[in-house]
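start-v7.pdb follows (PDB, C-alpha atoms):
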MODEL        1
ATOM      1  CA  MET A   1      76.734  -5.944  31.773
ATOM      2  CA  THR A   2      73.453  -4.709  33.203
ATOM      3  CA  ILE A   3      69.907  -4.970  31.892
ATOM      4  CA  ARG A   4      67.615  -2.669  33.797
ATOM      5  CA  GLY A   5      63.965  -3.241  34.496
ATOM      6  CA  ARG A   6      61.604  -1.419  36.765
ATOM      7  CA  PHE A   7      58.885  -1.934  39.307
ATOM      8  CA  ILE A   8      55.325  -1.210  38.301
ATOM      9  CA  GLY A   9      53.621  -1.148  41.658
ATOM     10  CA  ASP A  10      55.410  -3.941  43.483
ATOM     11  CA  ALA A  11      56.034  -6.134  40.436
ATOM     12  CA  PRO A  12      59.318  -6.314  38.460
ATOM     13  CA  TYR A  13      59.107  -5.861  34.689
ATOM     14  CA  PHE A  14      61.433  -5.776  31.711
ATOM     15  CA  ALA A  15      60.886  -4.542  28.175
ATOM     16  CA  VAL A  16      61.895  -7.038  25.525
ATOM     17  CA  HIS A  17      61.817  -7.207  21.754
ATOM     18  CA  LEU A  18      60.819 -10.461  20.119
ATOM     19  CA  ARG A  19      61.466 -11.467  16.561
ATOM     20  CA  SER A  20      60.544 -14.690  14.827
ATOM     21  CA  ALA A  21      59.875 -15.755  11.297
ATOM     22  CA  TYR A  22      56.190 -14.911  11.835
ATOM     23  CA  PHE A  23      56.037 -11.803  14.002
ATOM     24  CA  GLN A  24      58.019  -9.163  15.825
ATOM     25  CA  GLY A  25      57.275  -6.604  18.477
ATOM     26  CA  LEU A  26      57.705  -5.276  21.983
ATOM     27  CA  VAL A  27      56.519  -7.083  25.097
ATOM     28  CA  TRP A  28      56.344  -5.874  28.672
ATOM     29  CA  VAL A  29      57.188  -8.982  30.684
ATOM     30  CA  LEU A  30      56.828  -9.715  34.353
ATOM     31  CA  ALA A  31      59.967 -11.300  35.771
ATOM     32  CA  ASP A  32      58.532 -14.441  37.323
ATOM     33  CA  THR A  33      60.829 -16.888  39.078
ATOM     34  CA  GLY A  34      57.806 -19.115  39.627
ATOM     35  CA  ALA A  35      57.563 -19.693  35.875
ATOM     36  CA  SER A  36      59.862 -22.374  34.496
ATOM     37  CA  ARG A  37      59.456 -21.010  30.948
ATOM     38  CA  THR A  38      59.133 -17.598  29.365
ATOM     39  CA  THR A  39      55.526 -17.506  28.243
ATOM     40  CA  LEU A  40      53.367 -15.178  26.182
ATOM     41  CA  LEU A  41      49.801 -14.765  27.357
ATOM     42  CA  ASP A  42      46.583 -13.856  25.622
ATOM     43  CA  ARG A  43      46.918 -10.069  25.387
ATOM     44  CA  ASP A  44      50.398 -10.124  23.954
ATOM     45  CA  VAL A  45      49.531 -12.866  21.498
ATOM     46  CA  ARG A  46      46.918 -10.465  20.127
ATOM     47  CA  LEU A  47      49.161  -7.392  20.204
ATOM     48  CA  LEU A  48      51.945  -9.234  18.415
ATOM     49  CA  GLY A  49      49.528 -10.663  15.886
ATOM     50  CA  ILE A  50      50.990 -14.134  16.243
ATOM     51  CA  PRO A  51      49.428 -16.216  13.488
ATOM     52  CA  ALA A  52      48.088 -19.688  14.177
ATOM     53  CA  VAL A  53      50.686 -21.178  11.827
ATOM     54  CA  ALA A  54      53.420 -20.091  14.262
ATOM     55  CA  LEU A  55      51.847 -21.967  17.164
ATOM     56  CA  GLU A  56      53.054 -25.537  17.520
ATOM     57  CA  PRO A  57      51.014 -27.541  20.056
ATOM     58  CA  ALA A  58      53.148 -28.142  23.120
ATOM     59  CA  LEU A  59      53.876 -31.759  23.935
ATOM     60  CA  LEU A  60      54.121 -31.035  27.651
ATOM     61  CA  PRO A  61      51.214 -29.703  29.702
ATOM     62  CA  ILE A  62      51.573 -26.419  31.524
ATOM     63  CA  VAL A  63      50.543 -26.695  35.150
ATOM     64  CA  GLY A  64      49.596 -23.690  37.198
ATOM     65  CA  ILE A  65      46.962 -22.132  39.375
ATOM     66  CA  GLY A  66      43.867 -21.156  37.399
ATOM     67  CA  GLY A  67      41.681 -22.335  34.586
ATOM     68  CA  SER A  68      42.447 -24.472  31.604
ATOM     69  CA  VAL A  69      44.715 -23.217  28.865
ATOM     70  CA  ARG A  70      45.949 -24.404  25.520
ATOM     71  CA  SER A  71      49.696 -24.389  25.337
ATOM     72  CA  PHE A  72      51.928 -23.932  22.323
ATOM     73  CA  LEU A  73      55.512 -23.366  21.331
ATOM     74  CA  VAL A  74      56.827 -20.694  19.029
ATOM     75  CA  ARG A  75      60.123 -21.883  17.648
ATOM     76  CA  ASP A  76      63.353 -19.982  17.398
ATOM     77  CA  VAL A  77      62.518 -16.538  18.754
ATOM     78  CA  ALA A  78      65.206 -13.864  19.070
ATOM     79  CA  ILE A  79      64.706 -12.154  22.414
ATOM     80  CA  ALA A  80      66.479  -8.819  22.702
ATOM     81  CA  LEU A  81      67.034  -6.954  25.942
ATOM     82  CA  PRO A  82      68.749  -3.547  26.103
ATOM     83  CA  SER A  83      71.829  -3.406  28.279
ATOM     84  CA  ASP A  84      74.443  -0.817  29.106
ATOM     85  CA  GLU A  85      76.870  -2.685  26.821
ATOM     86  CA  GLY A  86      74.624  -2.989  23.802
ATOM     87  CA  ASP A  87      72.007  -5.527  22.935
ATOM     88  CA  VAL A  88      71.739  -8.892  24.578
ATOM     89  CA  VAL A  89      70.074 -11.274  22.156
ATOM     90  CA  LEU A  90      69.051 -14.715  23.231
ATOM     91  CA  ARG A  91      67.532 -17.241  20.912
ATOM     92  CA  GLN A  92      65.139 -19.923  22.032
ATOM     93  CA  ASP A  93      61.641 -21.324  21.756
ATOM     94  CA  ILE A  94      58.949 -19.481  23.683
ATOM     95  CA  TRP A  95      55.789 -20.874  25.190
ATOM     96  CA  VAL A  96      52.386 -19.428  24.467
ATOM     97  CA  VAL A  97      49.241 -20.059  26.458
ATOM     98  CA  GLN A  98      45.750 -19.207  25.337
ATOM     99  CA  HIS A  99      42.651 -19.280  27.458
ATOM    100  CA  ASP A 100      39.355 -20.276  25.908
ATOM    101  CA  LEU A 101      37.949 -16.757  26.140
ATOM    102  CA  GLY A 102      34.827 -17.557  24.148
ATOM    103  CA  GLN A 103      33.503 -19.607  27.060
ATOM    104  CA  LEU A 104      33.991 -16.927  29.702
ATOM    105  CA  PRO A 105      31.917 -13.949  30.881
ATOM    106  CA  PRO A 106      33.145 -10.492  29.782
ATOM    107  CA  ASP A 107      34.533  -9.548  33.195
ATOM    108  CA  GLU A 108      36.653 -12.685  33.324
ATOM    109  CA  VAL A 109      37.850 -12.138  29.752
ATOM    110  CA  SER A 110      38.943  -8.655  30.730
ATOM    111  CA  ARG A 111      40.886  -9.946  33.736
ATOM    112  CA  ILE A 112      42.626 -12.615  31.700
ATOM    113  CA  LEU A 113      43.594 -10.115  29.027
ATOM    114  CA  ARG A 114      45.179  -7.963  31.736
ATOM    115  CA  LEU A 115      47.591 -10.765  32.673
ATOM    116  CA  PRO A 116      51.188  -9.958  31.675
ATOM    117  CA  SER A 117      53.437 -12.278  29.773
ATOM    118  CA  VAL A 118      56.198 -13.670  31.941
ATOM    119  CA  LEU A 119      59.965 -13.857  31.793
ATOM    120  CA  GLY A 120      60.638 -17.295  33.201
ATOM    121  CA  ARG A 121      63.572 -19.056  34.808
ATOM    122  CA  ASP A 122      64.772 -20.286  31.410
ATOM    123  CA  LEU A 123      65.961 -16.714  30.761
ATOM    124  CA  ILE A 124      66.289 -15.256  34.263
ATOM    125  CA  ASN A 125      68.710 -17.974  35.349
ATOM    126  CA  ARG A 126      71.152 -17.005  32.615
ATOM    127  CA  PHE A 127      71.851 -13.882  34.674
ATOM    128  CA  TYR A 128      72.396 -12.605  38.177
ATOM    129  CA  PHE A 129      68.877 -11.382  38.964
ATOM    130  CA  ILE A 130      68.469  -8.510  41.410
ATOM    131  CA  CYS A 131      64.958  -7.726  42.562
ATOM    132  CA  ASP A 132      65.083  -5.318  45.491
ATOM    133  CA  TYR A 133      61.753  -3.618  46.025
ATOM    134  CA  GLN A 134      62.987  -1.624  48.995
ATOM    135  CA  ALA A 135      65.755  -0.104  46.889
ATOM    136  CA  GLY A 136      63.685   0.087  43.697
ATOM    137  CA  ILE A 137      66.191  -2.038  41.768
ATOM    138  CA  VAL A 138      65.338  -4.569  39.095
ATOM    139  CA  ARG A 139      68.328  -5.821  37.128
ATOM    140  CA  LEU A 140      69.736  -8.711  35.206
ATOM    141  CA  GLU A 141      73.505  -8.806  35.280
ATOM    142  CA  ARG A 142      76.399 -10.828  33.927
TER     143      ARG A 142
ATOM    144  CA  MET B   1      70.284  -4.277  18.273
ATOM    145  CA  ASP B   2      70.499  -0.856  16.748
ATOM    146  CA  ASP B   3      69.976   2.459  18.489
ATOM    147  CA  GLN B   4      66.459   2.764  17.086
ATOM    148  CA  LEU B   5      65.360  -0.459  18.740
ATOM    149  CA  THR B   6      67.051   0.475  21.995
ATOM    150  CA  ASN B   7      65.212   3.793  21.945
ATOM    151  CA  GLU B   8      61.928   2.036  21.169
ATOM    152  CA  LEU B   9      62.410  -0.312  24.110
ATOM    153  CA  LEU B  10      63.224   2.544  26.458
ATOM    154  CA  ALA B  11      60.221   4.549  25.244
ATOM    155  CA  PHE B  12      58.011   1.472  25.603
ATOM    156  CA  GLU B  13      59.183   1.039  29.185
ATOM    157  CA  ALA B  14      58.666   4.743  29.882
ATOM    158  CA  ASP B  15      55.086   4.572  28.563
ATOM    159  CA  HIS B  16      54.230   1.680  30.875
ATOM    160  CA  ALA B  17      55.669   3.625  33.793
ATOM    161  CA  TRP B  18      53.747   6.733  32.691
ATOM    162  CA  ILE B  19      50.440   4.844  32.830
ATOM    163  CA  HIS B  20      51.161   3.691  36.357
ATOM    164  CA  GLU B  21      52.238   7.168  37.482
ATOM    165  CA  ASN B  22      49.191   8.853  35.936
ATOM    166  CA  LEU B  23      46.571   6.251  36.776
ATOM    167  CA  LYS B  24      44.379   8.620  38.804
ATOM    168  CA  THR B  25      44.148  11.062  35.939
ATOM    169  CA  LEU B  26      43.603   8.301  33.403
ATOM    170  CA  LEU B  27      40.783   6.804  35.461
ATOM    171  CA  ALA B  28      38.826  10.053  35.221
ATOM    172  CA  GLN B  29      38.630   9.728  31.441
ATOM    173  CA  TYR B  30      39.337   6.104  30.586
ATOM    174  CA  ALA B  31      37.946   3.980  33.426
ATOM    175  CA  ASP B  32      37.349   0.394  32.271
ATOM    176  CA  GLN B  33      38.826   1.118  28.860
ATOM    177  CA  TRP B  34      41.791  -0.278  27.000
ATOM    178  CA  ILE B  35      44.241   2.468  26.073
ATOM    179  CA  ALA B  36      47.220   2.723  23.769
ATOM    180  CA  VAL B  37      49.961   5.101  24.858
ATOM    181  CA  LYS B  38      52.849   6.499  22.839
ATOM    182  CA  ASN B  39      55.375   8.999  24.196
ATOM    183  CA  GLY B  40      53.273   9.725  27.252
ATOM    184  CA  GLN B  41      50.053  10.383  25.357
ATOM    185  CA  VAL B  42      46.913   8.320  24.995
ATOM    186  CA  ILE B  43      46.455   7.884  21.271
ATOM    187  CA  ALA B  44      43.478   5.537  21.266
ATOM    188  CA  SER B  45      40.999   3.922  23.605
ATOM    189  CA  ALA B  46      38.196   1.362  23.421
ATOM    190  CA  PRO B  47      36.057  -0.690  25.814
ATOM    191  CA  ASP B  48      37.447  -3.959  24.458
ATOM    192  CA  LEU B  49      40.896  -5.022  23.292
ATOM    193  CA  ALA B  50      39.805  -6.042  19.813
ATOM    194  CA  GLY B  51      38.243  -2.624  19.290
ATOM    195  CA  LEU B  52      41.435  -0.900  20.380
ATOM    196  CA  LEU B  53      43.630  -3.059  18.155
ATOM    197  CA  SER B  54      41.482  -2.175  15.153
ATOM    198  CA  LYS B  55      42.405   1.480  15.713
ATOM    199  CA  LEU B  56      46.163   0.935  15.888
ATOM    200  CA  PRO B  57      48.385   0.833  12.793
ATOM    201  CA  ASN B  58      51.092  -1.214  14.514
ATOM    202  CA  PRO B  59      49.903  -2.686  17.807
ATOM    203  CA  ALA B  60      53.016  -4.864  18.187
ATOM    204  CA  TYR B  61      54.997  -1.728  18.989
ATOM    205  CA  MET B  62      52.427  -0.029  21.218
ATOM    206  CA  CYS B  63      52.063   0.216  24.980
ATOM    207  CA  VAL B  64      48.567  -1.117  25.693
ATOM    208  CA  GLU B  65      46.954  -1.396  29.117
ATOM    209  CA  PHE B  66      43.520  -1.647  30.706
ATOM    210  CA  VAL B  67      42.580   1.256  32.966
ATOM    211  CA  THR B  68      40.495   0.222  35.948
ATOM    212  CA  ARG B  69      40.030   0.740  39.653
ATOM    213  CA  GLU B  70      39.797  -3.005  40.157
ATOM    214  CA  PRO B  71      43.104  -4.385  41.426
ATOM    215  CA  LEU B  72      44.324  -7.578  39.781
ATOM    216  CA  GLU B  73      45.624 -10.040  42.310
ATOM    217  CA  MET B  74      47.789 -12.426  40.323
ATOM    218  CA  VAL B  75      49.458 -15.692  41.151
ATOM    219  CA  LEU B  76      51.636 -16.487  38.164
TER     220      LEU B  76
ENDMDL
END

Using structure tokens, write down the structure that the file contains.
Amino acid sequence: MTIRGRFIGDAPYFAVHLRSAYFQGLVWVLADTGASRTTLLDRDVRLLGIPAVALEPALLPIVGIGGSVRSFLVRDVAIALPSDEGDVVLRQDIWVVQHDLGQLPPDEVSRILRLPSVLGRDLINRFYFICDYQAGIVRLER
Amino acid sequence: MDDQLTNELLAFEADHAWIHENLKTLLAQYADQWIAVKNGQVIASAPDLAGLLSKLPNPAYMCVEFVTREPLEMVL
């Protein structure tokens, strides 16, 4: 079973569909083995229209390079990825981070909103992950 | 997942690729703008994301990107 992604520039991406009790939609996620958890960032939170009621404050802090963020959990999200053998649907909680954009200058807000959501190791490690930039191959396989 | 959703995912992926492949052309008209793309066509644009979202009937199913000459060096 193969789930195909693609390189945009030199970065590997997958298209996923998310569905929860509060929202559903498509997300273009960067496959990020440096991320322990699959995480939605500011732009996609807005595109998906995730309501505040869906955001449960995370008990654990998220540590990374960059400014301060508020972190949340969205419970029980169905994550669908298209494969050559039909849909692969995984169900789990997803992290959400939100920067305090109101405190930042417009240029910085724009840069933060450009950041992609990430597919983290919690999902990647369920598969055999191939990321071969030289060959142009991005795949998750089982 | 039904065929419709599979097709939507594939089209969504194709639109993101289309933006990357046509960036030079897009910069001429949409530099420093947020754009929404569907089936290889820009259907809306705005200087800020909130403005763009207000123009879209269903942003959760749209390919949305910021068009700019400024590279984004990310460490995620």

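Going from CA of Val29 (chain A) over to CA of Val64 (chain B), you cover 12.7 Å.
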
Exactly which residues make up the result of the PyMOL selection byres ((chain A) within 9 of (chain B)) on this file, given as a ChimeraX atom specification?
/A:5-9,13-17,23-28,32,34-35,43-44,46-49,64-66,80-83,86-89,110-111,113-115,118

Please produce an output containing C-alpha atoms for each residue in the selection, written as an mmCIF file, keeping the file's coordinate frame.
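The resulting file, out-v5.cif, is reproduced below:
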data_model
loop_
_atom_site.group_PDB
_atom_site.id
_atom_site.type_symbol
_atom_site.label_atom_id
_atom_site.label_comp_id
_atom_site.auth_asym_id
_atom_site.auth_seq_id
_atom_site.Cartn_x
_atom_site.Cartn_y
_atom_site.Cartn_z
ATOM 1 C CA GLY A 5 63.965 -3.241 34.496
ATOM 2 C CA ARG A 6 61.604 -1.419 36.765
ATOM 3 C CA PHE A 7 58.885 -1.934 39.307
ATOM 4 C CA ILE A 8 55.325 -1.210 38.301
ATOM 5 C CA GLY A 9 53.621 -1.148 41.658
ATOM 6 C CA TYR A 13 59.107 -5.861 34.689
ATOM 7 C CA PHE A 14 61.433 -5.776 31.711
ATOM 8 C CA ALA A 15 60.886 -4.542 28.175
ATOM 9 C CA VAL A 16 61.895 -7.038 25.525
ATOM 10 C CA HIS A 17 61.817 -7.207 21.754
ATOM 11 C CA PHE A 23 56.037 -11.803 14.002
ATOM 12 C CA GLN A 24 58.019 -9.163 15.825
ATOM 13 C CA GLY A 25 57.275 -6.604 18.477
ATOM 14 C CA LEU A 26 57.705 -5.276 21.983
ATOM 15 C CA VAL A 27 56.519 -7.083 25.097
ATOM 16 C CA TRP A 28 56.344 -5.874 28.672
ATOM 17 C CA ASP A 32 58.532 -14.441 37.323
ATOM 18 C CA GLY A 34 57.806 -19.115 39.627
ATOM 19 C CA ALA A 35 57.563 -19.693 35.875
ATOM 20 C CA ARG A 43 46.918 -10.069 25.387
ATOM 21 C CA ASP A 44 50.398 -10.124 23.954
ATOM 22 C CA ARG A 46 46.918 -10.465 20.127
ATOM 23 C CA LEU A 47 49.161 -7.392 20.204
ATOM 24 C CA LEU A 48 51.945 -9.234 18.415
ATOM 25 C CA GLY A 49 49.528 -10.663 15.886
ATOM 26 C CA GLY A 64 49.596 -23.690 37.198
ATOM 27 C CA ILE A 65 46.962 -22.132 39.375
ATOM 28 C CA GLY A 66 43.867 -21.156 37.399
ATOM 29 C CA ALA A 80 66.479 -8.819 22.702
ATOM 30 C CA LEU A 81 67.034 -6.954 25.942
ATOM 31 C CA PRO A 82 68.749 -3.547 26.103
ATOM 32 C CA SER A 83 71.829 -3.406 28.279
ATOM 33 C CA GLY A 86 74.624 -2.989 23.802
ATOM 34 C CA ASP A 87 72.007 -5.527 22.935
ATOM 35 C CA VAL A 88 71.739 -8.892 24.578
ATOM 36 C CA VAL A 89 70.074 -11.274 22.156
ATOM 37 C CA SER A 110 38.943 -8.655 30.730
ATOM 38 C CA ARG A 111 40.886 -9.946 33.736
ATOM 39 C CA LEU A 113 43.594 -10.115 29.027
ATOM 40 C CA ARG A 114 45.179 -7.963 31.736
ATOM 41 C CA LEU A 115 47.591 -10.765 32.673
ATOM 42 C CA VAL A 118 56.198 -13.670 31.941
#

Residue contacts of Asp122 (chain A) (10 Å, all atoms listed in the file) excluding same-chain residues fewer than 5 positions away, as a list in words
Thr33, Ala35, Ser36, Arg37, Thr38, Gln92 and Ile94 of chain A

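Taking CA of Pro57 (chain B) as the reference point, CA of Leu55 (chain A) is found at 23.5 Å.
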
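One distance worth recording is that between CA of Tyr22 (chain A) and CA of Leu119 (chain A), which is 20.3 Å.
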
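Of the listed residues B:Gln4, B:Gln41, B:Leu27, B:Ala36, the one whose atoms come nearest to Lys55 (chain B) is B:Ala36, with distances taken using only C-alpha atoms.
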
Using all atoms of region 83-94 of chain A listed in the file and a margin of 3 Å per side, can you give the axis-aligned box centre and edge lengths in Å to one decimal, as AutoDock Vina command-line options?
--center_x 67.9 --center_y -11.1 --center_z 25.0 --size_x 23.9 --size_y 26.5 --size_z 14.2

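Applied to the file shown here, the PyMOL selection byres ((chain A and resi 3) around 6) selects A:Thr2, A:Arg4, A:Ser83, A:Arg139, A:Leu140.
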
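Comparing B:Ile35, B:Leu26, B:Ala46, B:Leu52 by their smallest distance to Arg69 (chain B), the closest is B:Leu26 (using all atoms listed in the file).
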
Hits from the PyMOL selection byres ((chain A and resi 71) around 9), listed as a PyMOL selection string:
chain A and resi 55-62+69-70+72-73+95-99
